[in-house]
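Everything below belongs to run_18.txt, which stores compact mmCIF, C-alpha atoms.
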```
# COMPACT_ATOMS: atom_id res chain seq x y z
CA MET A 1 20.90 -16.56 12.82
CA PHE A 2 17.22 -15.85 12.01
CA PHE A 3 16.34 -15.90 15.69
CA LYS A 4 19.15 -13.55 16.49
CA LEU A 5 18.10 -11.15 13.74
CA PHE A 6 14.49 -11.21 14.93
CA PHE A 7 15.34 -10.66 18.58
CA THR A 8 17.87 -7.95 17.86
CA PHE A 9 15.13 -5.96 16.16
CA THR A 10 12.58 -6.79 18.86
CA LYS A 11 14.95 -5.14 21.28
CA ILE A 12 15.33 -2.19 18.94
CA GLY A 13 11.53 -1.87 18.61
CA LEU A 14 11.16 -1.79 22.37
CA PHE A 15 13.66 0.98 22.87
CA THR A 16 12.29 3.49 20.39
CA ILE A 17 10.22 5.60 22.71
CA GLY A 18 8.91 8.75 21.03
CA GLY A 19 10.75 9.12 17.76
CA GLY A 20 12.21 6.70 15.24
CA TYR A 21 15.65 8.21 15.04
CA ALA A 22 16.44 6.76 18.45
CA VAL A 23 17.06 3.43 16.70
CA ILE A 24 20.13 4.59 14.77
CA PRO A 25 22.68 4.19 17.57
CA LEU A 26 20.95 0.98 18.71
CA ILE A 27 21.19 -0.68 15.30
CA GLU A 28 24.70 0.57 14.86
CA ARG A 29 25.74 -1.01 18.12
CA ASP A 30 23.98 -4.34 17.64
CA ILE A 31 24.30 -4.93 13.91
CA VAL A 32 27.59 -3.31 13.02
CA SER A 33 29.43 -4.63 16.06
CA ARG A 34 28.28 -8.18 15.25
CA GLY A 35 29.91 -7.79 11.85
CA TRP A 36 26.61 -8.33 9.99
CA LEU A 37 27.12 -5.05 8.13
CA SER A 38 30.01 -2.65 7.72
CA LYS A 39 29.66 0.89 8.97
CA GLU A 40 29.71 2.22 5.40
CA GLU A 41 26.96 -0.18 4.31
CA PHE A 42 24.86 0.89 7.26
CA TYR A 43 25.22 4.58 6.44
CA GLU A 44 24.31 3.93 2.82
CA LEU A 45 21.11 2.17 3.93
CA LEU A 46 20.38 5.10 6.24
CA SER A 47 20.59 7.53 3.34
CA ILE A 48 18.10 5.38 1.40
CA THR A 49 15.54 5.50 4.22
CA GLU A 50 15.62 9.30 3.98
CA SER A 51 13.69 9.06 0.70
CA LEU A 52 11.27 6.31 1.72
CA PRO A 53 7.71 6.87 2.89
CA GLY A 54 6.33 5.10 5.93
CA VAL A 55 7.75 4.32 9.34
CA PHE A 56 11.45 5.02 9.70
CA ALA A 57 12.21 2.25 12.21
CA THR A 58 10.61 -0.57 10.21
CA ASN A 59 12.12 0.74 6.97
CA ILE A 60 15.67 0.71 8.25
CA ALA A 61 15.01 -2.71 9.84
CA ALA A 62 13.74 -4.13 6.54
CA LEU A 63 16.69 -2.70 4.62
CA VAL A 64 19.25 -4.04 7.07
CA GLY A 65 17.50 -7.43 7.27
CA TYR A 66 17.31 -7.69 3.49
CA LYS A 67 20.98 -6.85 3.11
CA ILE A 68 21.91 -9.54 5.63
CA ASN A 69 19.58 -12.32 4.56
CA GLY A 70 17.37 -11.43 1.60
CA LEU A 71 13.57 -11.33 1.64
CA LYS A 72 13.30 -13.56 4.70
CA GLY A 73 15.73 -11.39 6.61
CA GLY A 74 13.92 -8.21 5.66
CA ALA A 75 10.51 -9.54 6.66
CA LEU A 76 11.79 -10.95 9.96
CA ALA A 77 13.59 -7.74 10.92
CA ALA A 78 10.54 -5.58 10.14
CA LEU A 79 8.24 -7.96 12.02
CA GLY A 80 10.67 -8.03 14.94
CA THR A 81 10.54 -4.24 15.20
CA ILE A 82 6.76 -4.18 15.21
CA ILE A 83 5.88 -7.12 17.44
CA ALA A 84 6.57 -5.75 20.93
CA PRO A 85 4.97 -2.30 20.51
CA PHE A 86 2.03 -3.98 18.78
CA MET A 87 1.34 -6.32 21.71
CA ILE A 88 1.65 -3.51 24.24
CA ILE A 89 -0.79 -1.27 22.34
CA ILE A 90 -3.29 -4.12 21.94
CA LEU A 91 -3.21 -4.77 25.68
CA ILE A 92 -3.73 -1.11 26.51
CA ALA A 93 -6.43 -0.64 23.87
CA ALA A 94 -8.35 -3.64 25.18
CA PHE A 95 -8.46 -2.28 28.72
CA PHE A 96 -8.42 1.47 28.08
CA ASN A 97 -12.16 1.98 28.42
CA ARG A 98 -12.05 0.43 31.86
CA PHE A 99 -8.95 2.49 32.69
CA GLN A 100 -10.76 5.67 31.75
CA GLU A 101 -13.61 4.99 34.14
CA ASN A 102 -11.06 5.33 36.90
CA VAL A 103 -11.33 8.82 38.42
CA TRP A 104 -7.57 9.32 38.66
CA VAL A 105 -6.95 8.32 35.07
CA ALA A 106 -9.74 10.64 33.90
CA LYS A 107 -8.15 13.50 35.84
CA ALA A 108 -4.70 12.76 34.43
CA PHE A 109 -6.01 12.74 30.87
CA LYS A 110 -7.72 16.12 31.29
CA ALA A 111 -4.27 17.68 31.77
CA LEU A 112 -2.55 15.30 29.40
CA ARG A 113 -4.47 16.30 26.28
CA PRO A 114 -3.22 19.90 25.93
CA ALA A 115 0.31 18.65 26.72
CA VAL A 116 0.06 16.08 23.93
CA VAL A 117 -0.97 18.80 21.47
CA ALA A 118 2.14 20.72 22.56
CA LEU A 119 4.26 17.64 21.89
CA ILE A 120 2.93 17.63 18.32
CA VAL A 121 3.69 21.34 17.87
CA ALA A 122 7.26 20.92 19.16
CA PRO A 123 8.62 18.95 16.13
CA CYS A 124 7.47 21.91 13.96
CA PHE A 125 10.31 23.93 15.41
CA SER A 126 12.97 21.28 14.81
CA ALA A 127 11.63 20.63 11.29
CA ALA A 128 11.72 24.37 10.56
CA LYS A 129 15.29 24.51 11.82
CA ALA A 130 16.36 21.45 9.82
CA ASN A 131 14.96 23.06 6.66
CA LYS A 132 16.75 26.34 7.48
CA LEU A 133 13.47 28.22 7.10
CA THR A 134 13.70 32.00 6.84
CA TYR A 135 10.78 34.44 6.95
CA LYS A 136 10.75 34.33 3.16
CA THR A 137 10.80 30.54 2.65
CA ALA A 138 8.42 29.98 5.57
CA VAL A 139 5.66 31.34 3.33
CA ILE A 140 5.49 28.00 1.47
CA PRO A 141 4.68 25.75 4.45
CA VAL A 142 2.41 28.41 5.95
CA VAL A 143 0.33 28.60 2.75
CA ALA A 144 0.19 24.79 2.58
CA TRP A 145 -0.87 24.67 6.21
CA LEU A 146 -3.67 27.21 5.67
CA LEU A 147 -4.87 25.37 2.57
CA MET A 148 -5.20 22.15 4.55
CA TRP A 149 -6.58 23.68 7.72
CA GLN A 150 -9.04 26.24 6.35
CA GLY A 151 -9.35 25.11 2.74
CA ASN A 152 -9.87 21.40 3.51
CA VAL A 153 -7.20 20.39 1.01
CA SER A 154 -6.14 16.77 1.57
CA PRO A 155 -2.67 16.29 3.17
CA ILE A 156 -1.99 13.63 0.51
CA PHE A 157 -2.41 16.27 -2.19
CA ILE A 158 0.08 18.51 -0.34
CA VAL A 159 2.64 15.66 -0.20
CA VAL A 160 2.28 14.96 -3.93
CA PHE A 161 2.52 18.68 -4.65
CA GLY A 162 5.70 18.88 -2.52
CA CYS A 163 7.34 16.05 -4.50
CA ALA A 164 6.45 17.67 -7.83
CA ALA A 165 7.54 21.14 -6.70
CA GLY A 166 10.90 19.81 -5.45
CA ILE A 167 11.61 18.12 -8.79
CA ILE A 168 10.48 21.09 -10.93
CA TYR A 169 12.47 23.55 -8.84
CA HIS A 170 15.69 21.56 -9.29
CA ILE A 171 15.14 21.00 -13.02
CA PHE A 172 14.87 24.76 -13.49
CA ARG A 173 17.95 25.32 -11.39
CA GLU A 174 19.97 22.85 -13.49
CA LYS A 175 18.77 24.46 -16.72
CA ASN A 176 19.77 27.91 -15.50
CA LYS A 177 23.18 26.62 -14.52
CA GLY A 178 23.65 25.29 -18.06
CA LYS A 179 23.16 28.74 -19.60
CA MET B 180 -16.49 -3.77 4.43
CA ILE B 181 -14.50 -2.03 7.12
CA PHE B 182 -11.41 -4.27 6.78
CA LEU B 183 -10.97 -3.36 3.11
CA ARG B 184 -11.53 0.28 4.00
CA LEU B 185 -8.85 0.04 6.74
CA PHE B 186 -6.47 -1.67 4.35
CA TRP B 187 -6.99 1.00 1.69
CA VAL B 188 -6.69 3.92 4.13
CA PHE B 189 -3.48 2.73 5.79
CA THR B 190 -1.86 1.66 2.53
CA LYS B 191 -2.48 5.20 1.30
CA ILE B 192 -0.90 6.58 4.46
CA GLY B 193 2.04 4.20 3.96
CA VAL B 194 2.55 5.51 0.42
CA PHE B 195 2.26 9.23 1.19
CA GLY B 196 3.59 9.26 4.75
CA PHE B 197 6.79 11.18 4.22
CA GLY B 198 8.58 13.37 6.71
CA GLY B 199 8.56 11.24 9.85
CA GLY B 200 6.02 10.02 12.38
CA TYR B 201 4.64 13.42 13.37
CA ALA B 202 4.00 14.51 9.78
CA MET B 203 2.25 11.17 9.30
CA LEU B 204 -0.08 11.91 12.22
CA SER B 205 -1.92 14.56 10.21
CA LEU B 206 -2.50 12.06 7.39
CA ILE B 207 -3.79 9.48 9.86
CA GLN B 208 -6.00 12.06 11.55
CA HIS B 209 -7.40 13.33 8.26
CA GLU B 210 -8.40 9.82 7.20
CA VAL B 211 -9.43 8.31 10.52
CA VAL B 212 -11.22 11.25 12.18
CA GLU B 213 -12.27 13.63 9.41
CA LYS B 214 -12.98 11.44 6.40
CA ASN B 215 -14.12 8.13 7.87
CA GLY B 216 -15.38 9.27 11.27
CA TRP B 217 -14.00 6.19 13.01
CA MET B 218 -13.29 8.12 16.21
CA THR B 219 -13.61 11.54 17.84
CA LYS B 220 -10.81 14.09 18.08
CA GLN B 221 -10.58 13.47 21.79
CA GLN B 222 -10.17 9.73 21.26
CA PHE B 223 -7.49 10.45 18.69
CA THR B 224 -5.66 12.71 21.14
CA ASP B 225 -5.79 10.02 23.84
CA LEU B 226 -4.52 7.51 21.32
CA ILE B 227 -1.51 9.73 20.53
CA ALA B 228 -0.84 10.20 24.24
CA VAL B 229 -0.70 6.42 24.71
CA SER B 230 1.41 6.00 21.55
CA GLN B 231 3.95 8.45 22.90
CA MET B 232 4.12 6.89 26.32
CA THR B 233 4.60 3.33 25.18
CA PRO B 234 7.69 1.93 23.43
CA GLY B 235 7.79 1.63 19.66
CA PRO B 236 7.68 3.95 16.64
CA ILE B 237 4.82 6.46 16.90
CA GLY B 238 3.53 5.56 13.42
CA ILE B 239 3.19 1.87 14.31
CA ASN B 240 1.66 2.56 17.70
CA THR B 241 -0.88 4.98 16.28
CA ALA B 242 -1.85 2.67 13.41
CA THR B 243 -2.25 -0.33 15.73
CA TYR B 244 -4.35 1.66 18.17
CA ALA B 245 -6.41 3.36 15.45
CA GLY B 246 -7.20 0.04 13.79
CA TYR B 247 -8.40 -1.36 17.09
CA THR B 248 -10.47 1.69 18.05
CA ALA B 249 -12.07 1.99 14.60
CA LEU B 250 -13.53 -1.50 14.89
CA GLU B 251 -14.37 -1.22 18.56
CA ASN B 252 -16.32 1.99 17.90
CA SER B 253 -18.32 0.37 15.16
CA GLY B 254 -19.46 -2.25 17.62
CA HIS B 255 -17.19 -5.20 16.94
CA SER B 256 -15.84 -7.59 19.58
CA PRO B 257 -12.29 -7.21 20.95
CA PHE B 258 -11.14 -10.20 18.91
CA ILE B 259 -12.31 -8.63 15.64
CA ALA B 260 -10.80 -5.32 16.80
CA VAL B 261 -7.38 -7.01 17.12
CA LEU B 262 -7.74 -8.13 13.50
CA GLY B 263 -8.40 -4.48 12.64
CA SER B 264 -5.16 -3.40 14.27
CA ILE B 265 -3.27 -6.12 12.42
CA VAL B 266 -4.70 -4.94 9.10
CA ALA B 267 -3.89 -1.27 9.86
CA THR B 268 -0.29 -1.95 10.96
CA PHE B 269 0.41 -4.36 8.12
CA SER B 270 -0.94 -2.04 5.43
CA LEU B 271 0.99 0.92 6.84
CA CYS B 272 4.28 -0.97 6.42
CA LEU B 273 3.44 -2.71 3.16
CA PRO B 274 4.13 0.05 0.58
CA SER B 275 7.61 0.95 1.80
CA PHE B 276 8.44 -2.73 2.29
CA VAL B 277 7.56 -3.49 -1.33
CA LEU B 278 9.55 -0.44 -2.38
CA ILE B 279 12.56 -1.66 -0.39
CA ILE B 280 12.42 -5.08 -2.04
CA LEU B 281 12.19 -3.47 -5.49
CA ILE B 282 15.03 -1.07 -4.73
CA SER B 283 17.27 -3.80 -3.39
CA TYR B 284 16.45 -5.94 -6.42
CA PHE B 285 16.83 -3.42 -9.21
CA PHE B 286 19.22 -0.72 -8.06
CA SER B 287 22.51 -1.45 -6.47
CA ARG B 288 23.08 2.25 -5.91
CA PHE B 289 19.69 3.75 -5.26
CA ARG B 290 20.78 6.94 -3.60
CA SER B 291 22.27 8.28 -6.80
CA ASN B 292 18.74 8.77 -8.11
CA LYS B 293 18.52 12.55 -8.18
CA TYR B 294 14.76 12.75 -8.76
CA PHE B 295 14.06 11.06 -5.43
CA THR B 296 16.41 13.43 -3.66
CA TRP B 297 14.79 16.43 -5.33
CA ALA B 298 11.28 15.27 -4.50
CA MET B 299 12.33 14.87 -0.89
CA THR B 300 13.58 18.45 -0.59
CA GLY B 301 10.06 19.60 -1.51
CA VAL B 302 8.32 17.24 0.89
CA ARG B 303 10.64 18.03 3.75
CA LEU B 304 9.81 21.71 3.47
CA LEU B 305 6.10 20.91 3.68
CA SER B 306 6.49 18.49 6.59
CA VAL B 307 6.42 21.58 8.83
CA ALA B 308 2.92 22.31 7.49
CA LEU B 309 1.80 18.69 7.95
CA ILE B 310 2.91 18.62 11.58
CA GLY B 311 1.26 22.00 12.13
CA LEU B 312 -2.02 20.71 10.70
CA ALA B 313 -2.19 17.82 13.15
CA ALA B 314 -1.55 20.28 15.97
CA VAL B 315 -4.17 22.92 15.12
CA SER B 316 -6.89 20.44 14.34
CA LEU B 317 -6.50 18.96 17.82
CA MET B 318 -6.86 22.39 19.50
CA THR B 319 -10.55 21.94 20.21
CA HIS B 320 -12.80 22.31 23.23
CA GLU B 321 -12.65 18.55 23.71
CA ASN B 322 -8.94 18.84 24.47
CA PHE B 323 -8.77 22.37 25.87
CA ILE B 324 -11.48 22.22 28.50
CA ASP B 325 -10.77 25.31 30.64
CA TYR B 326 -8.36 28.21 31.25
CA VAL B 327 -5.73 25.87 32.71
CA SER B 328 -5.43 23.93 29.44
CA PRO B 329 -3.58 26.69 27.50
CA ILE B 330 -1.17 27.06 30.42
CA LEU B 331 -0.46 23.32 30.36
CA PHE B 332 -0.02 23.52 26.59
CA LEU B 333 2.50 26.37 26.79
CA GLY B 334 4.34 24.75 29.70
CA ALA B 335 4.71 21.47 27.82
CA LEU B 336 5.80 23.28 24.66
CA PHE B 337 8.39 25.25 26.59
CA LEU B 338 9.82 22.14 28.31
CA SER B 339 10.00 20.31 25.00
CA VAL B 340 11.46 23.03 22.76
CA ARG B 341 13.65 24.89 25.23
CA TYR B 342 14.88 22.05 27.44
CA LYS B 343 14.45 19.13 25.01
CA LEU B 344 12.76 17.18 27.78
CA HIS B 345 11.74 13.70 26.62
CA PRO B 346 8.02 13.31 25.73
CA VAL B 347 7.63 10.52 28.30
CA PHE B 348 8.66 12.89 31.12
CA ILE B 349 6.42 15.69 29.87
CA ILE B 350 3.45 13.31 29.75
CA ALA B 351 4.25 12.02 33.23
CA ILE B 352 4.44 15.58 34.62
CA ALA B 353 1.14 16.55 32.94
CA ALA B 354 -0.55 13.44 34.34
CA ILE B 355 0.55 14.28 37.88
CA VAL B 356 -0.57 17.91 37.48
CA GLY B 357 -3.97 16.68 36.27
CA ILE B 358 -4.44 14.38 39.26
CA VAL B 359 -3.54 17.23 41.61
CA ILE B 360 -5.62 20.06 40.12
CA TYR B 361 -8.76 18.42 38.69
```

For the file at hand, write its structure as structure tokens.
Amino acid sequence: MFFKLFFTFTKIGLFTIGGGYAVIPLIERDIVSRGWLSKEEFYELLSITESLPGVFATNIAALVGYKINGLKGGALAALGTIIAPFMIIILIAAFFNRFQENVWVAKAFKALRPAVVALIVAPCFSAAKANKLTYKTAVIPVVAWLLMWQGNVSPIFIVVFGCAAGIIYHIFREKNKGK
Amino acid sequence: MIFLRLFWVFTKIGVFGFGGGYAMLSLIQHEVVEKNGWMTKQQFTDLIAVSQMTPGPIGINTATYAGYTALENSGHSPFIAVLGSIVATFSLCLPSFVLIILISYFFSRFRSNKYFTWAMTGVRLLSVALIGLAAVSLMTHENFIDYVSPILFLGALFLSVRYKLHPVFIIAIAAIVGIVIY
């Protein structure tokens, strides 16, 4: 049982290439179909991860593992998700300097770097869409962005500010509804 | 003591890293490049490239790699560097893991907590800004070396946004282009 749980999540960790949400269908297939969790339980856990900080894939793994087998299950599932990517990165990191001395690799990375920056810009568009940003509401993230970029405001401060603003905004809205 | 520093930095990122892996990148960059000077912007860009190409969540990959590089750059042996990556990865996951245990222990129906939901609507709106920050701060002369670089940038952006091409393919295409033109 513990082995199975661990290896199921090792597999899941290996298949999340570029983006944590890729694990949802994988977990659903492996965990729900084994009868370890019901579909409803799984969706409830998913909604919890929406409000958790940190890495999505390990969070959902820990939640599912905990639900199945308590603390041990949670720890094993989270560890299972991490272990394979961790080993691969260590191997690459250990040899990367030697890789980079290779002429071909150096050439590839010259073109790769601007492309990687583009791949970081791209999620901006999907995040803007998911938040249903209009020209009016876009002012808020743009101001935050300028504060961090030009004003050297710490991103952590922006996150804390976002939490507080979200709560205050909704408290005011509830009060106004009451009137 | 660099290990304590790593632990503190990545625990902080684990606590405040809302809004997905890409929003977290700007937190990692701010701490690892700007504040602690553990690596250059170019090294950080390369590290993201590798994190995107290899399997695993981008947050984990980046933390593992950053922990290793931080120690390697300050002159430690590969073995010590591996310990650095263990510390970074572990501390990144620790806060939310503790939170999960507490939630599972104390609340049977956590999602009904409206304050969490409200806080998240605020953070989600700002995640656009966080992702944008990581992007602009990597637009430097280290990464954009000549007039071809902006073209590569726009091409990759177009393929990703318009055609939803998977990052792994975009990286592969860029690598081939680089080998051909440089």

Item checked: Neighbour list for Gly162 of chain A as a ChimeraX atom specification, cut-off 10 Å, all atoms listed in the file, skip fewer than 3 positions in-chain -> /A:140-141,144,156-159,165-168 /B:297-306

Checklist line | Long-range neighbours of Leu226 of chain B as a ChimeraX atom specification, 8 Å cut-off, only C-alpha atoms, 5 positions minimum in chain | finding: /B:241,244-245

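Across the structure, atom CA of Asp30 of chain A and atom CA of Lys11 of chain A are spaced 9.8 Å apart.
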
Note to self: I'd like to know which of A:Pro25, A:Gly151, A:Gly35, A:Gly74 is closest to chain B, using only C-alpha atoms.
What the structure shows: A:Gly74

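Straight-line separation from atom CA of Ala351 of chain B to atom CA of Phe86 of chain A: 21.7 Å.
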
Note to self: Measuring between all atoms listed in the file, which one of A:Ala130, A:Cys124, A:Leu37, A:Val117 shows the shortest distance to Gly311 of chain B?
What the structure shows: A:Cys124

Item checked: Two-atom distance - atom CA of Phe295 of chain B, atom CA of Lys175 of chain A (Å) -> 18.1 Å

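Each of B:Leu344, B:Ala353, B:Ala313, B:Ala228 was checked against Glu213 of chain B using all atoms listed in the file; the smallest atom-to-atom distance is that of B:Ala313.
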
Near Leu333 of chain B, within 9 Å and counting all atoms listed in the file, which residues show up once chain neighbours fewer than 5 positions away are dropped, as an mmCIF file with C-alpha atoms, in the frame of the given file?
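Resulting contents of result-v9.cif:
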```
data_model
loop_
_atom_site.group_PDB
_atom_site.id
_atom_site.type_symbol
_atom_site.label_atom_id
_atom_site.label_comp_id
_atom_site.auth_asym_id
_atom_site.auth_seq_id
_atom_site.Cartn_x
_atom_site.Cartn_y
_atom_site.Cartn_z
ATOM 1 C CA PRO A 114 -3.220 19.900 25.930
ATOM 2 C CA ALA A 115 0.310 18.650 26.720
ATOM 3 C CA ALA A 118 2.140 20.720 22.560
ATOM 4 C CA SER B 328 -5.430 23.930 29.440
ATOM 5 C CA LEU B 338 9.820 22.140 28.310
#
```

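Using all atoms listed in the file, the smallest distance between any of A:Glu174, A:Tyr135, A:Gly73, A:Ile90 and chain B comes from A:Ile90.
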
Next item on the list: Give me the residues within 12 Å of Pro155 of chain A as a PyMOL selection string, counting all atoms listed in the file and dropping any in the same chain fewer than 4 places off.
Entry: (chain A and resi 144-149+151+159-162) or (chain B and resi 191-192+195-197+202-210+213-214+302+305-313)

Mind dumping the selected residues with C-alpha atoms as a short mmCIF file (atom, residue, chain, number, x, y, z; two decimals), in the frame of the given file?
```cif
data_model
loop_
_atom_site.label_atom_id
_atom_site.label_comp_id
_atom_site.auth_asym_id
_atom_site.auth_seq_id
_atom_site.Cartn_x
_atom_site.Cartn_y
_atom_site.Cartn_z
CA ALA A 144 0.19 24.79 2.58
CA TRP A 145 -0.87 24.67 6.21
CA LEU A 146 -3.67 27.21 5.67
CA LEU A 147 -4.87 25.37 2.57
CA MET A 148 -5.20 22.15 4.55
CA TRP A 149 -6.58 23.68 7.72
CA GLY A 151 -9.35 25.11 2.74
CA VAL A 159 2.64 15.66 -0.20
CA VAL A 160 2.28 14.96 -3.93
CA PHE A 161 2.52 18.68 -4.65
CA GLY A 162 5.70 18.88 -2.52
CA LYS B 191 -2.48 5.20 1.30
CA ILE B 192 -0.90 6.58 4.46
CA PHE B 195 2.26 9.23 1.19
CA GLY B 196 3.59 9.26 4.75
CA PHE B 197 6.79 11.18 4.22
CA ALA B 202 4.00 14.51 9.78
CA MET B 203 2.25 11.17 9.30
CA LEU B 204 -0.08 11.91 12.22
CA SER B 205 -1.92 14.56 10.21
CA LEU B 206 -2.50 12.06 7.39
CA ILE B 207 -3.79 9.48 9.86
CA GLN B 208 -6.00 12.06 11.55
CA HIS B 209 -7.40 13.33 8.26
CA GLU B 210 -8.40 9.82 7.20
CA GLU B 213 -12.27 13.63 9.41
CA LYS B 214 -12.98 11.44 6.40
CA VAL B 302 8.32 17.24 0.89
CA LEU B 305 6.10 20.91 3.68
CA SER B 306 6.49 18.49 6.59
CA VAL B 307 6.42 21.58 8.83
CA ALA B 308 2.92 22.31 7.49
CA LEU B 309 1.80 18.69 7.95
CA ILE B 310 2.91 18.62 11.58
CA GLY B 311 1.26 22.00 12.13
CA LEU B 312 -2.02 20.71 10.70
CA ALA B 313 -2.19 17.82 13.15
#
```

Item checked: For Trp187 of chain B: contacts at 10 Å, only C-alpha atoms, fewer than 5 positions along chain excluded, given as a PyMOL selection string -> chain B and resi 181-182+192-193+266-267+270-271

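You can rank A:Val32, A:Val139, A:Leu133, A:Val55 by their closest distance to Thr268 of chain B using all atoms listed in the file, and at the top of that list sits A:Val55.
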
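Closest approach to Ala57 of chain A among A:Asn152, A:Thr16, A:Thr137, A:Ser38: A:Thr16, based on all atoms listed in the file.
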
Note to self: Please list, as a ChimeraX atom specification, the residues that have an atom at most 9 Å away from (0.9, 15.6, 30.7) in the coordinates of this file, counting only C-alpha atoms.
What the structure shows: /A:108-116 /B:228,331-332,335,346-357

Kindly provide, as AutoDock Vina command-line options, the centre and edge lengths (Å, one decimal) of an axis-aligned box around all atoms of segment 134-147 of chain A given in the file, with 6 Å on each side.
```
--center_x 4.4 --center_y 29.6 --center_z 4.2 --size_x 30.6 --size_y 21.8 --size_z 17.5
```

Item checked: Neighbours of point (-9.4, -6.9, 12.7) within 10 Å, using only C-alpha atoms, written as a PyMOL selection string -> chain B and resi 181-182+185+246-247+249-251+255-267
